[in-house]
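Here is the structure we will look at.
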Amino acid sequence: MINLKKIAAITCIAGVLTTNLNAQEPAKDSPKEAIKENAAIPKEEKSVTHHSVVIGGKTINYTATAGALILRNNIDEPIAFFGYTAYTKDGEDANKRPITFSYNGGPGSSSMWLHMGVMGPKRVVVNDPTDNAPAPYKVEDNQYSILDNSDVVMIDPIGTGISRAIGKSKNEEYWSVNGDLKSVGDFVKQYLIDNDRLNSPKFLLGESYGTMRSAAVGKYLQNAGIALNGIILVSSVLDLRTLTFQDGDDLSYIINLPAYAATAWYHNKIANKPASLVEFLKEARAFAEGPYNIALMKGSKLTKAEKETLAGQLAHFTGLSADYLLKANLRVKQGQFCQELLRDEHLTTGRLDSRYKGINSDLLSESAAYDPQSAALSPIYISAFMNYYYGELKVSKGLTYRVSASSLPGFKWDWKHNTSGFGDAATPNTAIDLAEAMTKNPNLKVLVLNGYYDLATPFYGTEYTFEHMGLEEKIQANVKMKYYEAGHMMYVHPASAAAYKKDVTDFIKENAGLK
């Protein structure tokens with residue numbers, strides 16, 4: 001999940017250790033110090049267990065390998081204790097069997113959400129989109145897992161899960177767009193080599209910031225000689241500028257409008273509400289890129305009469321009052337919208353999934369104080385996953401699984417990559433990386449999954465990004481968009497989870513030569 005509060009740059013200072021080779025002076029490292037340094041480098045950790053799961057009425061026998069491999073640099077120095085959980089179907093030909101590497105975003109999030117929500121063989125059961133009862137929580141066979149058609153490797157980036165820097169490396173080296181993409185790309189390469197999977201059909205599936213990662217990792221692997229079959233982007237953001245509401249830049253307001261409209265439609269805040277959400281959103285898109293875009297481009301040249309007319313039109317699509325919109329100068333940020341839409345009901349709407357509602361305990365507040373979807377689901381996912389990870393997968397309880405890297409000292413994210421803007425306001429754009437990977441590998445296919453009620457990574461921003469990647473027409477045909485009447489984690493909604501399963505399975509089969 002994207003956390004915009006963590007947009008900050010850090011400076012990495014590399015120290016150089018020099019060794020005095022004068023034989024007349026004592027060695028810098030005593031034998032005891034050398035032993036201590038070697039002891040600090042852990043061994044590879046593996047818990048291998050065997051299971052079966054029923055998916056679509058068929059029993060799948062599989063092997064689960066949970067633990068960490070020792071990631072090495074190009075001169076074979078150990079640099080990271082890299083955590084993962086791999087699910088491989090028994091009795092399959094590895095040369096033909098697809099393999100999908102999957103992770104969440106954050107940045108700084110573990111893969112627990114996708115793992116227990118839709119990708120793994122077990123799924124936590126939640127009431128969507130309402131409140132959930134306290135423990136015990138229910139975990140069941142995951143009918144929406146793709147394990148019947150692809151092996152799955154859940155990756156926990158450095159600082160998350162049980163992953164951490166080792167040897168001479170420091171965690172901070174991986175807490176950046178560039179450090180993260182390289183480490184994840186290197187993990188994929190090393191896993192493929194270690195497990196004899198280089199000839200397997202290969203896919204990446206990332207969610208939220210994980211989509212920004214996937215675009216860059218796709219290019220990184222392509223340049224390293226590993227061509228992917230496909231990339232699956234779940235709740236995508238590749239160009240961070242579309243989310244950040246930067247001063248003087250109206251793009252984010254335009255991008256968010258159709259998602260605001262979907263939310264207002266869902267909560268019955270639209271006068272003469274149309275029966276079809278899809279048709280209503282076609283109107284919202286046309287208004288956003290037409291009258292709304294043109295008006296905001298005028299800036300201070302917009303007359304009072306024009307403002308009042310536009311405020312009335314904007315009220316129709318957002319469910320907010322024209323008076324509020326005029327006070328906001330026709331520009332409403334995401335947090336403001338979540339707080340205002342249901343204020344008169346003493347409620348606030350979700351950011352990750354705007355179908356969710358929570359108690360608004362500060363009716364005078366300008367912006368939402370919390371995310372009702374996160375508040376409703378986080379305790380369930382965390383408790384159920386930890387119980388599964390240490391219980392059923394039998395990972396050592398001496399290894400601490402971190403849901404987020406934000407719990408570690410010094411966690412900050414360095415956003416420098418392909419950036420627009422200046423200084424701390426610079427925003428990365430890995431759509432550039434994806435365009436290069438697709439150009440160099442015309443067989444690379446991309447599946448983009450969007451939730452209509454996702455205010456964290458709005459679907460219209462994804463459409464805008466792909467329409468501005470400068471792809472050749474024949475390459476544009478390699479991109480497929482799918483939509484669900486749910487939010488950021490669309491798979492918590494059973495109907496959307498079933499559609500997700502079909503869309504991802506069809507994509508993998510088609511691009512792995514299995515269809």
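By convention in this document, the chains of the structure tokens carry letters A, B, ... by their order, each chain's residues are numbered from 1, and ligands are numbered from 1 in the order they are shown.
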Report the closest atom pair, with its distance in Å rounded to one decimal, for each residue of stretch 400-469 of chain A that has an atom no farther than 12 Å from stretch 110-133 of chain A; count only C-alpha atoms, sort by chain and then rising residue number, and write it as CSV.
residue,atom,partner,partner_atom,distance
A:Tyr401,CA,A:Ser110,CA,8.8
A:Arg402,CA,A:Ser110,CA,7.1
A:Val403,CA,A:Ser110,CA,5.2
A:Ser404,CA,A:Ser110,CA,5.8
A:Ala405,CA,A:Ser110,CA,7.9
A:Ser406,CA,A:Ser110,CA,10.6
A:Ser407,CA,A:Ser110,CA,11.8
A:Tyr453,CA,A:Pro129,CA,11.6
Could you pull the residues within 10 Å of A:Leu447, counting only C-alpha atoms, minus those fewer than 4 positions along the same chain, as a ChimeraX atom specification? /A:205,230-234,478-482,503-504,507-508
Identify, on the basis of only C-alpha atoms, every residue whose closest approach to A:Tyr324 does not exceed 10 Å; exclude the query and any residue fewer than 6 positions from it along the same chain; express the result as a PDB file with N, CA and C atoms, in the first residue's frame.
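Saved as selection-v6.pdb:
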ATOM      1  N   ALA A 311     -18.917  24.530  -9.932  1.00  0.00           N
ATOM      2  CA  ALA A 311     -19.164  23.960  -8.604  1.00  0.00           C
ATOM      3  C   ALA A 311     -20.445  23.135  -8.610  1.00  0.00           C
ATOM      4  N   ALA A 315     -20.494  19.196  -7.945  1.00  0.00           N
ATOM      5  CA  ALA A 315     -21.338  18.657  -6.871  1.00  0.00           C
ATOM      6  C   ALA A 315     -22.113  17.441  -7.366  1.00  0.00           C
ATOM      7  N   LEU A 330     -12.628  24.634  -5.801  1.00  0.00           N
ATOM      8  CA  LEU A 330     -12.903  23.561  -6.771  1.00  0.00           C
ATOM      9  C   LEU A 330     -11.886  22.427  -6.708  1.00  0.00           C
ATOM     10  N   VAL A 332     -10.417  19.474  -4.213  1.00  0.00           N
ATOM     11  CA  VAL A 332     -10.600  18.719  -2.976  1.00  0.00           C
ATOM     12  C   VAL A 332      -9.610  17.558  -2.947  1.00  0.00           C
ATOM     13  N   GLU A 340     -15.469  14.686   4.286  1.00  0.00           N
ATOM     14  CA  GLU A 340     -16.627  15.538   4.024  1.00  0.00           C
ATOM     15  C   GLU A 340     -17.850  14.776   3.532  1.00  0.00           C
TER      16      GLU A 340
END
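Nearest-residue note for A:Ser252: choosing from A:Leu455, A:Ala512, A:Ile155, A:Leu434, the minimum distance belongs to A:Leu455, counting only C-alpha atoms.
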Residue among A:Asp249, A:Asp344, A:Asp454, A:Glu392 lying closest to A:Lys269, counting only C-alpha atoms: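 With only C-alpha atoms as the atom set, the closest residue is A:Asp344.
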Once DSSP has gone over the backbone, tell me which residues of stretch 20-182 of chain A are in strand (DSSP E or B), as a PyMOL selection string. chain A and resi 45-55+58-72+78-89+99-103+109+122-124+139-141+151-155+161+164-165+176
Produce a table with one row for each residue of stretch 23-109 of chain A that has an atom at most 7 Å from any atom of stretch 156-173 of chain A, each row naming the nearest atom pair and its distance in Å at one decimal; use only C-alpha atoms; arrange rows by chain and rising residue number; format as JSON lines.
{"residue": "A:Ile41", "atom": "CA", "partner": "A:Gly167", "partner_atom": "CA", "distance": 5.9}
{"residue": "A:Pro78", "atom": "CA", "partner": "A:Gly167", "partner_atom": "CA", "distance": 6.0}
{"residue": "A:Ile79", "atom": "CA", "partner": "A:Ile166", "partner_atom": "CA", "distance": 5.1}
{"residue": "A:Ala80", "atom": "CA", "partner": "A:Ala165", "partner_atom": "CA", "distance": 4.3}
{"residue": "A:Phe81", "atom": "CA", "partner": "A:Arg164", "partner_atom": "CA", "distance": 5.3}
{"residue": "A:Phe82", "atom": "CA", "partner": "A:Ser163", "partner_atom": "CA", "distance": 4.5}
{"residue": "A:Gly83", "atom": "CA", "partner": "A:Ser163", "partner_atom": "CA", "distance": 4.8}
{"residue": "A:Tyr84", "atom": "CA", "partner": "A:Asp156", "partner_atom": "CA", "distance": 5.8}
{"residue": "A:Tyr103", "atom": "CA", "partner": "A:Asp156", "partner_atom": "CA", "distance": 6.7}
{"residue": "A:Gly108", "atom": "CA", "partner": "A:Thr160", "partner_atom": "CA", "distance": 6.5}
{"residue": "A:Ser109", "atom": "CA", "partner": "A:Thr160", "partner_atom": "CA", "distance": 6.2}
Applying 8 Å and only C-alpha atoms, which residues near stretch 180-191 of chain A remain after dropping the ones on its own chain fewer than 3 positions away? List them as a list of chain:residue names.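 Final neighbour list, sorted by chain and number: A:Leu71, A:Phe82, A:Phe101, A:Pro157, A:Ile158, A:Tyr174, A:Trp175, A:Ser176, A:Val177, A:Asp194, A:Asn195, A:Arg197, A:Arg213, A:Ser214, A:Ala216, A:Val217, A:Tyr220, A:Leu221, A:Ile226.
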May I have the selected residues written with N, CA and C atoms, as a JSON list (two decimals), in the first residue's frame?
[["chain", "number", "residue", "atom", "x", "y", "z"],
["A", 71, "LEU", "N", 21.09, -13.67, 0.05],
["A", 71, "LEU", "CA", 21.31, -12.96, -1.21],
["A", 71, "LEU", "C", 22.76, -12.52, -1.30],
["A", 82, "PHE", "N", 17.12, -12.79, 2.94],
["A", 82, "PHE", "CA", 15.96, -12.37, 2.16],
["A", 82, "PHE", "C", 14.81, -13.36, 2.32],
["A", 101, "PHE", "N", 6.14, -14.33, -9.07],
["A", 101, "PHE", "CA", 6.74, -13.67, -7.90],
["A", 101, "PHE", "C", 5.83, -12.52, -7.48],
["A", 157, "PRO", "N", 10.36, -7.74, 0.93],
["A", 157, "PRO", "CA", 11.54, -6.90, 0.72],
["A", 157, "PRO", "C", 12.27, -6.59, 2.03],
["A", 158, "ILE", "N", 13.49, -6.11, 1.89],
["A", 158, "ILE", "CA", 14.37, -5.88, 3.04],
["A", 158, "ILE", "C", 13.71, -4.96, 4.06],
["A", 174, "TYR", "N", 18.61, -0.36, 1.04],
["A", 174, "TYR", "CA", 17.52, -0.96, 0.28],
["A", 174, "TYR", "C", 16.23, -0.15, 0.39],
["A", 175, "TRP", "N", 16.24, 0.91, 1.21],
["A", 175, "TRP", "CA", 15.03, 1.70, 1.41],
["A", 175, "TRP", "C", 15.01, 2.88, 0.45],
["A", 176, "SER", "N", 14.97, 2.57, -0.81],
["A", 176, "SER", "CA", 14.92, 3.57, -1.87],
["A", 176, "SER", "C", 14.34, 2.89, -3.10],
["A", 177, "VAL", "N", 13.85, 3.68, -4.04],
["A", 177, "VAL", "CA", 13.33, 3.11, -5.28],
["A", 177, "VAL", "C", 14.40, 2.26, -5.95],
["A", 194, "ASP", "N", 18.89, -20.87, -8.24],
["A", 194, "ASP", "CA", 19.00, -21.86, -7.16],
["A", 194, "ASP", "C", 18.00, -23.00, -7.31],
["A", 195, "ASN", "N", 16.86, -22.71, -7.92],
["A", 195, "ASN", "CA", 15.78, -23.70, -7.99],
["A", 195, "ASN", "C", 15.55, -24.23, -9.41],
["A", 197, "ARG", "N", 14.81, -22.80, -12.28],
["A", 197, "ARG", "CA", 13.58, -22.30, -12.87],
["A", 197, "ARG", "C", 13.80, -21.25, -13.94],
["A", 213, "ARG", "N", 7.32, -0.93, -8.26],
["A", 213, "ARG", "CA", 8.48, -1.81, -8.19],
["A", 213, "ARG", "C", 8.53, -2.74, -9.41],
["A", 214, "SER", "N", 7.39, -3.35, -9.73],
["A", 214, "SER", "CA", 7.35, -4.33, -10.83],
["A", 214, "SER", "C", 7.79, -3.72, -12.15],
["A", 216, "ALA", "N", 9.86, -1.30, -12.68],
["A", 216, "ALA", "CA", 11.31, -1.11, -12.68],
["A", 216, "ALA", "C", 12.05, -2.44, -12.66],
["A", 217, "VAL", "N", 11.55, -3.42, -11.91],
["A", 217, "VAL", "CA", 12.19, -4.73, -11.86],
["A", 217, "VAL", "C", 12.09, -5.41, -13.22],
["A", 220, "TYR", "N", 14.87, -4.06, -15.13],
["A", 220, "TYR", "CA", 16.13, -4.53, -14.55],
["A", 220, "TYR", "C", 16.42, -5.97, -14.97],
["A", 221, "LEU", "N", 15.42, -6.83, -14.90],
["A", 221, "LEU", "CA", 15.61, -8.23, -15.29],
["A", 221, "LEU", "C", 15.83, -8.35, -16.79],
["A", 226, "ILE", "N", 16.96, -11.66, -18.45],
["A", 226, "ILE", "CA", 15.81, -12.47, -18.05],
["A", 226, "ILE", "C", 14.54, -11.78, -18.53]]
Those of stretch 212-455 of chain A in DSSP helix (DSSP H, G or I), formatted as JSON, numbers by chain: {"A": [212, 213, 214, 215, 216, 217, 218, 219, 220, 221, 222, 223, 240, 241, 242, 251, 252, 253, 254, 255, 256, 257, 258, 259, 260, 261, 262, 263, 264, 265, 266, 277, 278, 279, 280, 281, 282, 283, 284, 285, 286, 287, 288, 289, 290, 291, 292, 293, 294, 295, 296, 297, 298, 299, 300, 301, 304, 305, 306, 307, 308, 309, 310, 311, 312, 313, 314, 315, 316, 317, 318, 322, 323, 324, 325, 326, 327, 334, 335, 336, 337, 338, 339, 340, 343, 344, 345, 372, 373, 374, 375, 376, 377, 378, 379, 380, 381, 382, 383, 384, 385, 386, 387, 388, 389, 390, 391, 392, 405, 406, 407, 423, 424, 425, 431, 432, 433, 434, 435, 436, 437, 438, 439, 440]}
Those residues you just picked out, can you put them in a file as a CSV table (one decimal), in the first residue's frame with C-alpha atoms?
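The file below, again21.csv, is the result:
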chain,number,residue,atom,x,y,z
A,212,MET,CA,5.9,0.8,-9.2
A,213,ARG,CA,8.5,-1.8,-8.2
A,214,SER,CA,7.3,-4.3,-10.8
A,215,ALA,CA,7.7,-1.8,-13.7
A,216,ALA,CA,11.3,-1.1,-12.7
A,217,VAL,CA,12.2,-4.7,-11.9
A,218,GLY,CA,10.8,-5.8,-15.3
A,219,LYS,CA,13.4,-3.5,-16.9
A,220,TYR,CA,16.1,-4.5,-14.6
A,221,LEU,CA,15.6,-8.2,-15.3
A,222,GLN,CA,15.3,-7.6,-19.0
A,223,ASN,CA,18.7,-5.8,-19.0
A,240,LEU,CA,3.6,9.2,-8.2
A,241,ARG,CA,2.8,12.7,-9.5
A,242,THR,CA,-0.8,11.5,-10.0
A,251,LEU,CA,-3.3,16.8,-12.1
A,252,SER,CA,-4.1,14.9,-8.9
A,253,TYR,CA,-7.5,16.7,-8.6
A,254,ILE,CA,-8.5,15.7,-12.1
A,255,ILE,CA,-7.2,12.1,-11.7
A,256,ASN,CA,-9.2,11.6,-8.4
A,257,LEU,CA,-12.5,12.9,-9.7
A,258,PRO,CA,-13.9,9.7,-11.2
A,259,ALA,CA,-13.0,7.7,-8.1
A,260,TYR,CA,-14.8,10.4,-6.0
A,261,ALA,CA,-17.8,9.9,-8.3
A,262,ALA,CA,-17.7,6.1,-7.8
A,263,THR,CA,-17.7,6.6,-4.0
A,264,ALA,CA,-20.5,9.1,-4.0
A,265,TRP,CA,-22.5,6.8,-6.3
A,266,TYR,CA,-22.0,3.9,-3.9
A,277,LEU,CA,-21.9,2.7,-12.2
A,278,VAL,CA,-20.0,2.0,-15.4
A,279,GLU,CA,-22.1,4.4,-17.4
A,280,PHE,CA,-21.9,7.1,-14.7
A,281,LEU,CA,-18.1,6.8,-14.6
A,282,LYS,CA,-17.9,7.3,-18.4
A,283,GLU,CA,-19.7,10.7,-17.8
A,284,ALA,CA,-17.3,11.4,-14.9
A,285,ARG,CA,-14.2,10.7,-17.0
A,286,ALA,CA,-15.6,13.0,-19.8
A,287,PHE,CA,-16.2,15.8,-17.3
A,288,ALA,CA,-12.8,15.4,-15.6
A,289,GLU,CA,-10.8,15.6,-18.9
A,290,GLY,CA,-13.1,18.2,-20.4
A,291,PRO,CA,-14.9,21.0,-18.4
A,292,TYR,CA,-13.0,20.3,-15.2
A,293,ASN,CA,-9.6,20.1,-16.7
A,294,ILE,CA,-10.2,23.3,-18.8
A,295,ALA,CA,-11.5,25.2,-15.8
A,296,LEU,CA,-8.5,24.3,-13.6
A,297,MET,CA,-6.1,25.2,-16.4
A,298,LYS,CA,-7.5,28.8,-16.4
A,299,GLY,CA,-6.4,29.2,-12.8
A,300,SER,CA,-7.1,32.7,-11.5
A,301,LYS,CA,-8.6,33.7,-14.8
A,304,LYS,CA,-16.9,34.0,-10.4
A,305,ALA,CA,-19.8,32.9,-12.7
A,306,GLU,CA,-17.7,30.1,-14.2
A,307,LYS,CA,-16.7,28.9,-10.7
A,308,GLU,CA,-20.3,28.8,-9.6
A,309,THR,CA,-21.4,26.9,-12.7
A,310,LEU,CA,-18.5,24.4,-12.3
A,311,ALA,CA,-19.2,24.0,-8.6
A,312,GLY,CA,-22.7,22.9,-9.4
A,313,GLN,CA,-21.4,20.4,-12.0
A,314,LEU,CA,-18.8,19.1,-9.6
A,315,ALA,CA,-21.3,18.7,-6.9
A,316,HIS,CA,-23.3,16.4,-9.2
A,317,PHE,CA,-20.3,14.0,-9.6
A,318,THR,CA,-18.8,14.2,-6.1
A,322,ALA,CA,-21.5,23.4,-4.2
A,323,ASP,CA,-20.8,25.7,-1.2
A,324,TYR,CA,-18.0,23.4,0.1
A,325,LEU,CA,-16.5,23.1,-3.4
A,326,LEU,CA,-16.4,26.9,-3.8
A,327,LYS,CA,-14.7,27.2,-0.4
A,334,GLN,CA,-8.4,12.8,-1.1
A,335,GLY,CA,-8.4,13.1,2.7
A,336,GLN,CA,-10.7,16.1,2.6
A,337,PHE,CA,-13.2,14.2,0.4
A,338,CYS,CA,-13.2,11.1,2.8
A,339,GLN,CA,-14.0,13.4,5.7
A,340,GLU,CA,-16.6,15.5,4.0
A,343,ARG,CA,-19.8,14.2,7.7
A,344,ASP,CA,-23.5,14.8,8.2
A,345,GLU,CA,-23.9,11.1,9.2
A,372,PRO,CA,-11.8,2.5,8.1
A,373,GLN,CA,-10.8,-0.3,5.8
A,374,SER,CA,-7.4,-0.6,7.3
A,375,ALA,CA,-8.9,-0.4,10.8
A,376,ALA,CA,-11.4,-3.2,10.0
A,377,LEU,CA,-9.0,-5.6,8.4
A,378,SER,CA,-5.5,-5.1,9.8
A,379,PRO,CA,-6.0,-7.0,13.1
A,380,ILE,CA,-7.6,-10.0,11.3
A,381,TYR,CA,-4.9,-10.3,8.7
A,382,ILE,CA,-2.0,-9.8,11.1
A,383,SER,CA,-3.2,-12.3,13.7
A,384,ALA,CA,-4.3,-14.9,11.1
A,385,PHE,CA,-1.1,-14.7,9.1
A,386,MET,CA,1.2,-14.9,12.1
A,387,ASN,CA,-0.7,-17.9,13.4
A,388,TYR,CA,-0.4,-19.6,9.9
A,389,TYR,CA,3.2,-18.6,9.3
A,390,TYR,CA,4.6,-19.9,12.6
A,391,GLY,CA,2.0,-22.7,13.0
A,392,GLU,CA,1.2,-24.4,9.7
A,405,ALA,CA,9.7,-1.8,7.8
A,406,SER,CA,8.4,1.3,9.5
A,407,SER,CA,8.9,-0.5,12.8
A,423,GLY,CA,14.1,18.6,-4.3
A,424,ASP,CA,11.9,16.8,-1.8
A,425,ALA,CA,8.9,17.3,-4.1
A,431,ALA,CA,6.2,3.9,-16.3
A,432,ILE,CA,9.4,5.0,-18.2
A,433,ASP,CA,11.0,1.7,-17.1
A,434,LEU,CA,8.0,-0.3,-18.1
A,435,ALA,CA,7.9,1.3,-21.5
A,436,GLU,CA,11.5,0.5,-22.1
A,437,ALA,CA,11.1,-3.1,-21.0
A,438,MET,CA,8.0,-3.5,-23.3
A,439,THR,CA,9.9,-1.9,-26.2
A,440,LYS,CA,12.9,-4.2,-25.8
